[in-house]
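Inspection log for the structure reproduced underneath, given as structure tokens.
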Amino acid sequence: MATLKVIVSSKKNLQSKYGNQFQAVDKLLTDLVKSDGKRGITTQIIYIDDPVSASKAGIIAVNSVTRPTAKRAVDDIYKKLSPAYIVLFGTGDVFPFQEITNPASDDDLTVPSDLPYACNIAYSTNIASFTGPTRVVGRIPDIQGNADMKYLKIIFDAIIKYKRVKSEKLMDYFAISAEVWKKSTQQSLSNMFGNNSNLKISPTQNSPHSTTDLKPLVHFYNCHGSPTDSKFYGQKGNNYPTAQHSLVLNGRVSTGTVVTAECCFGAELFDPTNEGTKNISIPNMYFKNKAVAFVGSSNIAYGPSSGNGLADLITQYFIRNIINGASTGRALLDARQKFLSVNGPHLDPYELKTLAQFCLLGDPSIQVVIETPVKSSADTVENRRLNLFNKGINLAATIAPSEKVKTPQRKLKKLVSSEMKKIFKQTGFTGEENEVLYEVKTKNKKVSAFAKGFSGKENIAFRTYVQKSKKINGFNIFDVLVFKESGNEILGWRLYHRK
Amino acid sequence: MEVVSQEIICMTDMKLKGIIVEGNFGKGSKSEHNAIYLDTGEKKYRLKRRGGNPFYDETLHNLVGKTISAEGNLTDYFFEITKEPKELKVITKKKLK
């Protein structure tokens, strides 16, 4: 029987981390394989650094698990077995996150990401290589720096005993937003659930939230997050109250909860010994309380304060796919593809960073919703993967990512059209802000020719202006203005508000 | 154990001296804010008190412009102060006439 799901990990790193408890860890994985078998999923455990295990999968074992060797091993497994679900087991100290060079101009040097594992392109640190995701990937996380068997038993128990629910059950939700992003969150909720009546605003609806508040099976966060921090924060002016705290979540979350967090560092998996209050991360705490999926960002994230864009989109696409019956892994792959389709074919650096930084934690083969049999059609998992693979390949062929140019052309030429001046005025910019130019390498000559038809030039670029901060209520407030242009023609513009 | 992940660098029990300054963190992002840094003259360290609010901590904001010595741990994004920072008196050398 064909392998439908693979669990990929490092035996050496697990042995090193868990010591004589490794056999117990391996038994948990084996129990999951058995449980999958009962629901018709053939699963194979592959330790990429163990010759026997690797050989059974038809790949050559790696000597040392590094980012390049881990990526190559996952690619080899995919070529050999074409699994419908790829599960990476362990946090970064067991199985590495890939690191992508940060395409945006901010304080992050790199973007820890599982996106490369979902793509058919060889190891690279350039996001431009990964604009055509084709594979379903999720990561079952243990706790960074901690060999906590009790935690592992809970997380595997939750997966094995998971019971699907009717889609109506997912229409009730727990949602919390920083006050400053209220409008954007209201729109996201309306897009997902058809209403935003359950939205909590921080301040004033801060942590702790009651068991009743947290009972719904879908949780949605649009709050602030900080590195190595077990809290999410609200905001109004210079008041940043605690909107959620991992400690308070303990014992209050329903089994089978699905979570998305737009927060910066929302899905960061840190070692709790490095955290100020020694608490585990919010995603780890959700899994400790039998949540089944968590989609969030590994570092600094972006989105507008009103309207939807970037982080808003990828998280809401994910939830809508879950409600519509997709497995958690397919829900993210489809969300990534939709994000690319909607924002493409030309992606600005902030869109590229968003694509890379949002990842799925949890077993990607879990389908949350009970399938309703349809008499008029049927679709196998293989057919769904074939379609998604095809879409991913097409996206890779057409999506044109932008890359930073050293000297902004506009500053050299001092060319600011009256149209740009009008937009500057409308958005409160002057044109004297910090300017960065990103050029797009269009992959399709016909698209270039089409651009030339109206602008006289084939090239397409994004020009970003980052405002100097204005002090309002003691806080630095500024916006980022992004122009899309071809030659001297402005094709569009977007305003990303400070969040 | 081979370290293969995004390493969280953590140097513990460090002592730093410098001037407290304000600066921007996370420009244009969801969590962009006016952060507090310790400028040692060689490097600027973003500050946070252990267990303190990383976005707005009045104790640290009140120290802006002052010279302090602080003990704590250095992580990827912060110098996390573990003990109450000490304000130092700045002695300005008078010019000899």
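Residues are referred to by chain and number: the chain letter is A, B, ... according to the order shown in the structure tokens, the number counts from 1 in that chain, and ligands are numbered separately from 1 in the order shown.
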
Residues of range 162-309 of chain A in strand (DSSP E), written as a VMD selection string: chain A and resid 173 to 178 199 to 202 218 to 222 224 to 225 231 to 233 242 to 245 258 to 261 293 to 297

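Around Ile68 in chain B, within 10 Å and counting only C-alpha atoms, the residues found are Leu16, Lys17, Gly18, Ile19, Ile20, Leu38, Asp39, Thr40, Leu63, Pro85, Lys86, Glu87, Leu88, Lys89 and Val90 of chain B, once anything fewer than 5 positions away on its own chain is removed.
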
Tyr37 in chain B surroundings by only C-alpha atoms, 10 Å radius, close-in-sequence under 5 positions cut, as a ChimeraX atom specification: /B:18-25,43-48,60-61,64,78-79

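The space between CA of Ser418 in chain A and CA of Leu310 in chain A spans 28.7 Å.
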
I need the residues in range 422-497 of chain A that are helix (DSSP H, G or I) according to DSSP; give them as a VMD selection string. chain A and resid 422 to 427 445 to 455

Would you save the residues of that selection, restricted to C-alpha atoms, as a CSV table (one decimal), in the first residue's frame?
chain,number,residue,atom,x,y,z
A,422,LYS,CA,-0.9,63.3,-5.3
A,423,ILE,CA,-0.5,59.9,-3.5
A,424,PHE,CA,2.1,61.3,-1.2
A,425,LYS,CA,-0.2,64.1,-0.2
A,426,GLN,CA,-3.2,61.8,0.2
A,427,THR,CA,-1.2,59.4,2.4
A,445,LYS,CA,8.2,37.4,-21.5
A,446,LYS,CA,4.6,38.0,-22.6
A,447,VAL,CA,3.9,39.8,-19.3
A,448,SER,CA,7.0,42.0,-19.8
A,449,ALA,CA,5.8,42.7,-23.3
A,450,PHE,CA,2.4,43.6,-22.0
A,451,ALA,CA,3.9,46.0,-19.5
A,452,LYS,CA,6.0,47.6,-22.3
A,453,GLY,CA,2.8,48.1,-24.2
A,454,PHE,CA,1.5,50.7,-21.7
A,455,SER,CA,4.6,52.0,-19.9

Just need the residues of chain A within 8 Å of chain B, counting only C-alpha atoms, so spit them out as a VMD selection string. chain A and resid 12 to 13 16 to 17 65 to 67 92 to 97 99 106 to 107 112 224 to 227 238 to 240 263 to 264 270 274 to 277 300 to 303 466 475 to 480 496 to 499

With only C-alpha atoms as the counted atoms, please give the residues lying no more than 7 Å from range 188-202 of chain A, apart from itself and same-chain residues fewer than 6 positions off, as an MDAnalysis selection string. chainID A and resid 171 174:179 234:235 241 243 308 312 316 319:320

Pick out the residues sitting within 12 Å of range 286-290 of chain A, and hand them over as an MDAnalysis selection string; count only C-alpha atoms, and ignore anything fewer than 4 positions along from it in its own chain. chainID A and resid 139:143 148:163 214:215 217:219 230 244:261 267 269 280:282 294:295 361:363

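From CA of Ala57 in chain A back to CA of Gln44 in chain A, the distance works out to 8.0 Å.
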
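Atom pair CA of Leu437 in chain A / CA of Ala400 in chain A: separated by 15.2 Å.
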